[in-house]
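Coordinates from my_file-v8.csv are shown below (CSV, C-alpha atoms).
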chain,number,residue,atom,x,y,z
A,1,MET,CA,60.1,-4.1,-30.7
A,2,THR,CA,58.2,-1.2,-29.3
A,3,GLY,CA,56.3,-1.1,-26.1
A,4,SER,CA,56.1,0.4,-22.7
A,5,LEU,CA,58.0,-0.6,-19.7
A,6,ASN,CA,54.9,0.5,-17.7
A,7,MET,CA,53.0,-2.6,-19.0
A,8,LEU,CA,55.8,-4.9,-17.9
A,9,GLY,CA,55.7,-3.3,-14.5
A,10,TYR,CA,51.9,-3.6,-14.4
A,11,GLY,CA,52.2,-7.3,-15.2
A,12,ILE,CA,54.5,-7.7,-12.2
A,13,ALA,CA,52.2,-5.5,-10.0
A,14,THR,CA,49.2,-7.7,-10.7
A,15,ILE,CA,50.8,-10.6,-8.9
A,16,GLY,CA,49.8,-9.1,-5.5
A,17,PRO,CA,46.1,-8.7,-6.2
A,18,ALA,CA,46.1,-12.0,-8.0
A,19,ILE,CA,47.3,-13.8,-4.9
A,20,ALA,CA,44.9,-11.9,-2.8
A,21,VAL,CA,41.9,-12.8,-5.0
A,22,GLY,CA,43.0,-16.4,-4.9
A,23,LEU,CA,43.3,-16.4,-1.2
A,24,ILE,CA,39.8,-14.8,-0.8
A,25,PHE,CA,38.1,-17.4,-3.0
A,26,ALA,CA,40.0,-20.2,-1.4
A,27,ALA,CA,38.7,-19.2,2.0
A,28,TYR,CA,35.2,-18.8,0.6
A,29,ILE,CA,35.2,-22.3,-1.0
A,30,ASN,CA,36.6,-23.7,2.3
A,31,GLY,CA,33.8,-22.0,4.2
A,32,VAL,CA,31.1,-23.2,1.9
A,33,ALA,CA,32.5,-26.7,2.0
A,34,ARG,CA,32.4,-26.7,5.8
A,35,GLN,CA,29.0,-25.1,6.1
A,36,PRO,CA,27.0,-25.1,2.9
A,37,GLU,CA,24.1,-23.2,4.5
A,38,ALA,CA,26.3,-20.2,5.0
A,39,GLN,CA,26.8,-19.7,1.3
A,40,GLY,CA,24.5,-16.7,0.9
A,41,ARG,CA,26.2,-14.8,3.7
A,42,LEU,CA,29.7,-15.8,2.7
A,43,GLN,CA,29.2,-14.9,-0.9
A,44,SER,CA,28.6,-11.2,-0.3
A,45,ILE,CA,31.6,-11.0,2.0
A,46,ALA,CA,33.8,-12.8,-0.5
A,47,ILE,CA,32.7,-10.6,-3.4
A,48,LEU,CA,33.3,-7.5,-1.3
A,49,GLY,CA,36.8,-8.7,-0.4
A,50,PHE,CA,37.4,-9.6,-4.0
A,51,ALA,CA,36.3,-6.1,-5.1
A,52,LEU,CA,38.6,-4.4,-2.6
A,53,ALA,CA,41.6,-6.6,-3.6
A,54,GLU,CA,40.9,-6.1,-7.3
A,55,ALA,CA,40.8,-2.3,-6.8
A,56,LEU,CA,44.6,-2.4,-6.4
A,57,ALA,CA,45.0,-4.0,-9.8
A,58,ILE,CA,42.6,-1.4,-11.2
A,59,ILE,CA,44.6,1.5,-9.7
A,60,GLY,CA,47.7,-0.2,-11.2
A,61,ILE,CA,46.3,-0.2,-14.7
A,62,ALA,CA,45.2,3.4,-14.4
A,63,LEU,CA,48.7,4.4,-13.3
A,64,ALA,CA,50.3,2.3,-16.0
A,65,PHE,CA,48.6,4.4,-18.6
A,66,VAL,CA,49.0,7.7,-16.8
A,67,ILE,CA,52.6,7.7,-15.8
A,68,THR,CA,54.9,8.3,-18.8
B,1,MET,CA,67.5,-30.1,-43.1
B,2,ILE,CA,66.2,-26.7,-42.3
B,3,ASP,CA,68.6,-23.8,-42.1
B,4,LEU,CA,68.1,-22.3,-38.7
B,5,ALA,CA,68.8,-18.8,-40.0
B,6,THR,CA,66.0,-18.7,-42.5
B,7,VAL,CA,63.6,-20.1,-39.9
B,8,LEU,CA,64.3,-17.4,-37.4
B,9,LEU,CA,65.2,-14.6,-39.7
B,10,PRO,CA,61.8,-12.9,-39.9
B,11,LEU,CA,61.9,-12.6,-36.1
B,12,ALA,CA,65.6,-11.6,-36.0
B,13,ASP,CA,65.3,-8.6,-38.3
B,14,GLY,CA,62.9,-6.8,-36.1
B,15,GLY,CA,60.0,-7.0,-38.6
B,16,GLY,CA,57.2,-4.5,-39.0
B,17,PHE,CA,54.9,-5.8,-36.3
B,18,GLU,CA,53.1,-3.1,-34.4
B,19,PRO,CA,51.5,-4.4,-31.2
B,20,PRO,CA,47.9,-3.0,-30.8
B,21,GLY,CA,47.5,-0.2,-28.4
B,22,PRO,CA,44.7,2.0,-27.0
B,23,SER,CA,44.2,3.4,-30.6
B,24,VAL,CA,42.3,0.2,-31.4
B,25,PHE,CA,39.4,1.6,-29.5
B,26,GLU,CA,39.3,5.0,-31.4
B,27,TYR,CA,36.7,4.8,-34.0
B,28,PRO,CA,36.0,7.9,-36.2
B,29,PRO,CA,32.5,9.3,-35.8
B,30,LEU,CA,30.1,7.7,-38.3
B,31,PHE,CA,28.0,10.8,-38.8
B,32,GLY,CA,27.7,14.1,-37.0
B,33,GLY,CA,29.7,13.1,-33.9
B,34,VAL,CA,27.9,9.8,-33.4
B,35,THR,CA,30.3,7.0,-32.8
B,36,LYS,CA,30.0,3.3,-33.0
B,37,SER,CA,29.8,2.8,-29.3
B,38,MET,CA,26.9,5.4,-29.1
B,39,LEU,CA,25.0,3.4,-31.7
B,40,GLN,CA,25.7,0.2,-29.7
B,41,LEU,CA,24.3,1.8,-26.6
B,42,ALA,CA,21.1,2.8,-28.4
B,43,LEU,CA,20.9,-0.7,-29.9
B,44,SER,CA,21.2,-2.3,-26.5
B,45,VAL,CA,18.4,-0.3,-25.1
B,46,VAL,CA,16.1,-1.2,-28.1
B,47,LEU,CA,17.1,-4.9,-27.8
B,48,ILE,CA,16.5,-5.1,-24.0
B,49,ALA,CA,13.2,-3.2,-24.2
B,50,GLY,CA,12.0,-5.3,-27.1
B,51,VAL,CA,13.0,-8.7,-25.6
B,52,THR,CA,11.7,-8.0,-22.1
B,53,TYR,CA,8.4,-6.7,-23.6
B,54,LEU,CA,8.1,-10.0,-25.6
B,55,MET,CA,8.9,-12.0,-22.4
B,56,ALA,CA,6.3,-10.2,-20.4
B,57,ARG,CA,3.6,-9.8,-23.1
B,58,ARG,CA,1.8,-13.1,-22.7
B,59,ALA,CA,2.6,-13.9,-19.1
B,60,ALA,CA,1.1,-17.2,-18.3
B,61,ILE,CA,1.1,-19.4,-15.2
B,62,VAL,CA,2.8,-22.1,-17.3
B,63,PRO,CA,5.6,-20.1,-18.9
B,64,GLY,CA,6.7,-20.5,-22.5
B,65,ARG,CA,10.4,-20.7,-23.4
B,66,LEU,CA,11.0,-17.0,-23.6
B,67,GLN,CA,9.0,-16.1,-20.5
B,68,TYR,CA,11.0,-18.8,-18.6
B,69,ALA,CA,14.3,-17.3,-19.7
B,70,GLY,CA,13.1,-13.9,-18.6
B,71,GLU,CA,11.9,-15.3,-15.3
B,72,ILE,CA,15.3,-16.9,-14.6
B,73,ALA,CA,17.1,-13.6,-15.3
B,74,TYR,CA,14.7,-11.4,-13.3
B,75,GLY,CA,14.3,-13.9,-10.5
B,76,GLY,CA,18.1,-14.3,-10.2
B,77,VAL,CA,18.6,-10.5,-9.8
B,78,ARG,CA,15.6,-10.1,-7.5
B,79,ASN,CA,16.2,-13.1,-5.2
B,80,SER,CA,19.9,-13.8,-5.1
B,81,ILE,CA,21.1,-10.2,-5.5
B,82,ALA,CA,18.5,-7.7,-4.2
B,83,ARG,CA,16.7,-9.7,-1.5
B,84,GLU,CA,19.8,-11.4,-0.2
B,85,ILE,CA,21.8,-8.2,0.2
B,86,ILE,CA,19.5,-5.2,0.6
B,87,GLY,CA,17.2,-7.1,2.9
B,88,THR,CA,13.5,-8.0,2.7
B,89,GLU,CA,12.2,-4.6,3.9
B,90,HIS,CA,13.2,-2.3,1.1
B,91,TYR,CA,14.6,-4.5,-1.7
B,92,LEU,CA,11.6,-4.3,-4.1
B,93,LYS,CA,12.1,-0.5,-4.7
B,94,PHE,CA,15.6,-1.2,-6.1
B,95,VAL,CA,14.9,-4.3,-8.2
B,96,PRO,CA,13.9,-2.4,-11.4
B,97,TYR,CA,17.2,-0.4,-11.4
B,98,LEU,CA,19.2,-3.5,-10.5
B,99,PHE,CA,17.6,-5.6,-13.2
B,100,ALA,CA,17.9,-2.9,-15.9
B,101,LEU,CA,21.6,-2.3,-14.8
B,102,PHE,CA,22.4,-6.0,-15.1
B,103,MET,CA,20.8,-6.5,-18.5
B,104,PHE,CA,22.3,-3.2,-19.8
B,105,VAL,CA,25.9,-4.1,-18.7
B,106,ALA,CA,25.6,-7.7,-19.8
B,107,VAL,CA,24.2,-6.9,-23.3
B,108,ASN,CA,26.7,-4.2,-23.9
B,109,ASN,CA,29.6,-6.4,-22.7
B,110,TYR,CA,28.4,-9.2,-25.0
B,111,PHE,CA,28.6,-6.9,-28.0
B,112,GLY,CA,32.3,-7.5,-27.7
B,113,ILE,CA,31.9,-11.1,-28.9
B,114,VAL,CA,29.0,-10.6,-31.4
B,115,PRO,CA,30.4,-10.9,-35.0
B,116,LEU,CA,30.4,-7.6,-37.0
B,117,ILE,CA,30.0,-5.5,-33.8
B,118,GLN,CA,32.9,-6.9,-31.7
B,119,LEU,CA,33.5,-3.9,-29.5
B,120,PRO,CA,32.4,-4.0,-25.8
B,121,THR,CA,30.7,-0.6,-25.3
B,122,PHE,CA,32.3,-0.2,-21.9
B,123,SER,CA,35.8,-0.4,-23.3
B,124,ARG,CA,35.3,3.3,-23.6
B,125,SER,CA,35.7,4.6,-20.1
B,126,GLY,CA,33.1,7.4,-20.4
B,127,TYR,CA,30.2,5.0,-20.5
B,128,ALA,CA,31.4,3.2,-17.4
B,129,TYR,CA,31.8,6.5,-15.5
B,130,GLY,CA,28.2,7.4,-16.5
B,131,LEU,CA,26.8,4.2,-15.0
B,132,ALA,CA,28.9,4.6,-11.9
B,133,ILE,CA,27.6,8.1,-11.4
B,134,LEU,CA,24.0,6.7,-11.6
B,135,THR,CA,24.9,4.1,-8.9
B,136,TRP,CA,26.6,6.7,-6.8
B,137,LEU,CA,23.5,9.0,-6.9
B,138,LEU,CA,21.3,6.0,-6.1
B,139,TYR,CA,23.1,4.7,-3.0
B,140,ASN,CA,23.8,8.1,-1.6
B,141,GLY,CA,20.2,9.1,-2.3
B,142,ALA,CA,18.9,6.0,-0.6
B,143,GLY,CA,21.1,6.6,2.5
B,144,ILE,CA,20.0,10.3,2.7
B,145,TRP,CA,16.3,9.2,2.3
B,146,LYS,CA,16.7,6.7,5.2
B,147,HIS,CA,18.9,8.5,7.7
B,148,GLY,CA,18.7,12.2,6.6
B,149,LEU,CA,21.8,14.1,5.4
B,150,ILE,CA,23.6,14.4,8.7
B,151,GLY,CA,22.6,11.0,9.8
B,152,TYR,CA,23.8,9.4,6.6
B,153,LEU,CA,27.2,11.1,6.8
B,154,LYS,CA,27.5,9.8,10.3
B,155,HIS,CA,26.4,6.4,9.2
B,156,THR,CA,28.9,6.0,6.4
B,157,CYS,CA,31.9,7.8,8.0
B,158,ILE,CA,31.8,6.5,11.6
B,159,PRO,CA,32.1,2.7,11.9
B,160,SER,CA,30.1,1.3,14.8
B,161,GLY,CA,32.0,1.2,18.2
B,162,VAL,CA,34.8,3.6,17.3
B,163,LYS,CA,35.3,6.3,19.9
B,164,GLY,CA,37.9,8.9,20.9
B,165,PRO,CA,40.8,10.5,19.0
B,166,VAL,CA,41.1,7.7,16.5
B,167,LEU,CA,38.0,9.1,14.9
B,168,LEU,CA,40.2,11.9,13.5
B,169,LEU,CA,42.0,9.2,11.4
B,170,ILE,CA,39.0,7.0,10.6
B,171,VAL,CA,36.4,9.6,9.5
B,172,PRO,CA,38.4,11.0,6.5
B,173,LEU,CA,39.5,7.5,5.5
B,174,GLU,CA,35.9,6.2,5.5
B,175,PHE,CA,34.6,9.3,3.7
B,176,LEU,CA,37.3,8.9,1.1
B,177,SER,CA,36.7,5.2,0.6
B,178,ASN,CA,32.9,5.2,0.8
B,179,ILE,CA,32.0,8.4,-1.0
B,180,LEU,CA,34.9,9.2,-3.4
B,181,VAL,CA,36.7,6.0,-4.3
B,182,ARG,CA,33.7,3.7,-4.6
B,183,PRO,CA,32.3,5.1,-7.9
B,184,VAL,CA,35.8,5.3,-9.4
B,185,THR,CA,36.7,1.7,-8.7
B,186,LEU,CA,33.2,0.6,-9.8
B,187,ALA,CA,33.6,2.3,-13.2
B,188,LEU,CA,37.3,1.4,-13.7
B,189,ARG,CA,36.7,-2.3,-12.9
B,190,LEU,CA,34.2,-2.6,-15.7
B,191,PHE,CA,36.2,-0.5,-18.1
B,192,ALA,CA,39.5,-2.1,-17.4
B,193,ASN,CA,38.2,-5.6,-17.7
B,194,MET,CA,36.5,-4.9,-21.0
B,195,PHE,CA,39.4,-2.9,-22.3
B,196,ALA,CA,42.0,-5.5,-21.4
B,197,GLY,CA,39.9,-8.4,-22.7
B,198,HIS,CA,39.3,-6.7,-26.0
B,199,LEU,CA,43.0,-5.7,-26.4
B,200,LEU,CA,44.1,-9.3,-25.6
B,201,LEU,CA,41.8,-10.6,-28.3
B,202,VAL,CA,43.0,-8.1,-30.8
B,203,LEU,CA,46.6,-8.9,-29.9
B,204,PHE,CA,46.2,-12.6,-30.5
B,205,ALA,CA,44.3,-12.1,-33.7
B,206,ILE,CA,46.7,-9.6,-35.2
B,207,GLY,CA,49.8,-11.4,-34.0
B,208,GLY,CA,48.6,-14.7,-35.4
B,209,GLU,CA,47.8,-13.1,-38.7
B,210,TYR,CA,51.2,-11.4,-38.9
B,211,LEU,CA,53.1,-14.6,-38.1
B,212,ILE,CA,51.2,-16.8,-40.6
B,213,ILE,CA,50.7,-14.4,-43.5
B,214,GLU,CA,53.2,-11.7,-43.4
B,215,SER,CA,56.3,-13.5,-42.2
B,216,PRO,CA,55.8,-17.2,-42.9
B,217,SER,CA,58.4,-19.7,-41.8
B,218,LEU,CA,58.0,-23.0,-40.1
B,219,VAL,CA,58.4,-21.7,-36.6
B,220,ASN,CA,56.3,-18.6,-37.2
B,221,VAL,CA,53.4,-20.5,-38.8
B,222,PHE,CA,53.4,-22.8,-35.8
B,223,GLY,CA,53.4,-19.9,-33.4
B,224,GLY,CA,50.7,-18.2,-35.4
B,225,VAL,CA,48.4,-21.2,-35.2
B,226,LEU,CA,49.1,-21.3,-31.5
B,227,ALA,CA,48.1,-17.7,-31.2
B,228,TRP,CA,44.9,-18.3,-33.0
B,229,VAL,CA,44.1,-21.3,-30.7
B,230,MET,CA,44.7,-18.9,-27.8
B,231,PHE,CA,42.4,-16.5,-29.4
B,232,PHE,CA,39.6,-19.0,-29.2
B,233,ALA,CA,40.5,-19.9,-25.6
B,234,VAL,CA,40.5,-16.3,-24.5
B,235,SER,CA,37.2,-15.7,-26.3
B,236,VAL,CA,35.7,-18.4,-24.1
B,237,LEU,CA,37.2,-16.8,-21.0
B,238,GLU,CA,35.8,-13.5,-22.1
B,239,LEU,CA,32.3,-14.9,-22.3
B,240,LEU,CA,32.7,-15.7,-18.7
B,241,VAL,CA,34.3,-12.4,-17.7
B,242,MET,CA,31.6,-10.4,-19.5
B,243,PHE,CA,28.8,-12.1,-17.5
B,244,LEU,CA,30.9,-11.8,-14.3
B,245,GLN,CA,31.4,-8.1,-14.7
B,246,ALA,CA,27.7,-7.5,-15.2
B,247,TYR,CA,27.1,-9.6,-12.1
B,248,VAL,CA,29.7,-7.9,-10.0
B,249,PHE,CA,28.6,-4.4,-11.0
B,250,THR,CA,25.0,-5.2,-10.0
B,251,LEU,CA,26.1,-7.0,-6.8
B,252,LEU,CA,28.3,-4.1,-5.7
B,253,THR,CA,25.5,-1.6,-6.4
B,254,ALA,CA,23.1,-3.7,-4.3
B,255,MET,CA,25.8,-3.9,-1.6
B,256,TYR,CA,26.3,-0.2,-1.5
B,257,VAL,CA,22.6,0.4,-1.3
B,258,GLY,CA,22.2,-2.2,1.4
B,259,GLY,CA,25.1,-0.6,3.3
B,260,ALA,CA,23.5,2.8,3.0
B,261,LEU,CA,20.1,1.5,4.2
B,262,ALA,CA,21.4,-0.6,7.1
B,263,ASP,CA,20.1,0.2,10.5
B,264,GLU,CA,22.3,1.7,13.2
B,265,HIS,CA,24.1,-1.0,15.1
Spit out the file's structure as structure tokens when you get a sec.
Amino acid sequence: MTGSLNMLGYGIATIGPAIAVGLIFAAYINGVARQPEAQGRLQSIAILGFALAEALAIIGIALAFVIT
Amino acid sequence: MIDLATVLLPLADGGGFEPPGPSVFEYPPLFGGVTKSMLQLALSVVLIAGVTYLMARRAAIVPGRLQYAGEIAYGGVRNSIAREIIGTEHYLKFVPYLFALFMFVAVNNYFGIVPLIQLPTFSRSGYAYGLAILTWLLYNGAGIWKHGLIGYLKHTCIPSGVKGPVLLLIVPLEFLSNILVRPVTLALRLFANMFAGHLLLVLFAIGGEYLIIESPSLVNVFGGVLAWVMFFAVSVLELLVMFLQAYVFTLLTAMYVGGALADEH
């Protein structure tokens, strides 16, 4: 077996952003279910939050390749 | 009765399986420094220009099939992305860029699943950085056009209602996040999604092939078939991810432009 411990670490590190993205979309779905007419406004906020949370995972994959 | 040792042996002796790495994406230049991804980029431009020309050529009040498909794509970008986010005043100026960006990213992503091509162009990070630089120029340019250079810097770096010494902390942070980090995460999001998706597909394909053909035993063949089933499942997931990344890239571009153009609070 060959491989890099970095990738294992990255796999663990994605748990955080994964939970964050899940929470964001859970809140978004909740909001739309309560108030369907707010969907347009909520959508952009949800995508923005999703992008910010996902940035952590992206920084993680960059570091996983950079750190040796 | 199956002897357990022979069943597990090909796995136990370490085998010769090499998991695929970043070298999967390194294609030698085809001719004179032109690589496969460069050709794909050119092909996508020709494809998009040709198809959109055909869609718009005989524009009728009652649309044909092709025109209808084009209207759905264009109308989606214009109404649900540009108008919704940039606002009714200025959105029309940015629709051509947003629509071109959406089509460009979507077609180049779907090259990852087209047989015989099967390489998403943006799995090479340079192309993603190029697009992000374009978006960076666009939203900063739009902000400077609206507020002036000093006004725009004030607009992005100072959140409304913040006063006093805390500005010393907020201003560098906002500058870092809005001007410097945004294009990097924009590019890396697209690149990392395409890169990881393609690598996952390659891993399942090669792993299944290795288990079934190069080290056949009962357990390994079962595992190999499972790997190939997963290959199909991940392909379907990738179809969704490829569209989603094009959508998110366009949406975030619109959001940055909208933020740069927003009026003072």
Q | B:Leu218, B:Val225, B:Leu251, B:Ala60 ranked by distance to Ile206 (chain B), top pick (using only C-alpha atoms) | A |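 Looking at the shortest contact to Ile206 (chain B), the residue is B:Val225.
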Q: Using all atoms listed in the file, select each residue of chain B with any atom at most 8 Å away from an atom of chain A, and give the selection as number ranges by chain.
A: B: 14, 17-19, 84-85, 185, 188-189, 192, 248, 252, 255
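Among B:Leu186, B:Val229, B:Val241, B:Met38, the residue with the shortest atom-to-atom distance to Leu134 (chain B), counting all atoms listed in the file, is B:Leu186.
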Q. Using only C-alpha atoms, which of B:Gly50, B:Gly21, B:Gly87, B:Pro28 sits nearest Val257 (chain B)?
A.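 So, comparing all the options, the nearest one is B:Gly87.
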(Q) Using only C-alpha atoms, which protein or nucleic acid residues come within 9 Å of Phe104 (chain B)? Drop anything in the same chain fewer than 5 positions from it, and give the result as a list in words. (A)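 Residues near the query, excluding close chain neighbours: Leu41, Ser44, Val45, Ile48, Phe99, Asn109 and Ala246 of chain B.
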Q: Pick out the residues sitting within 10 Å of Val24 (chain B), and hand them over as a ChimeraX atom specification; count all atoms listed in the file, and ignore anything fewer than 3 positions along from it in its own chain.
A: /B:20-21,27,119,198-199,202
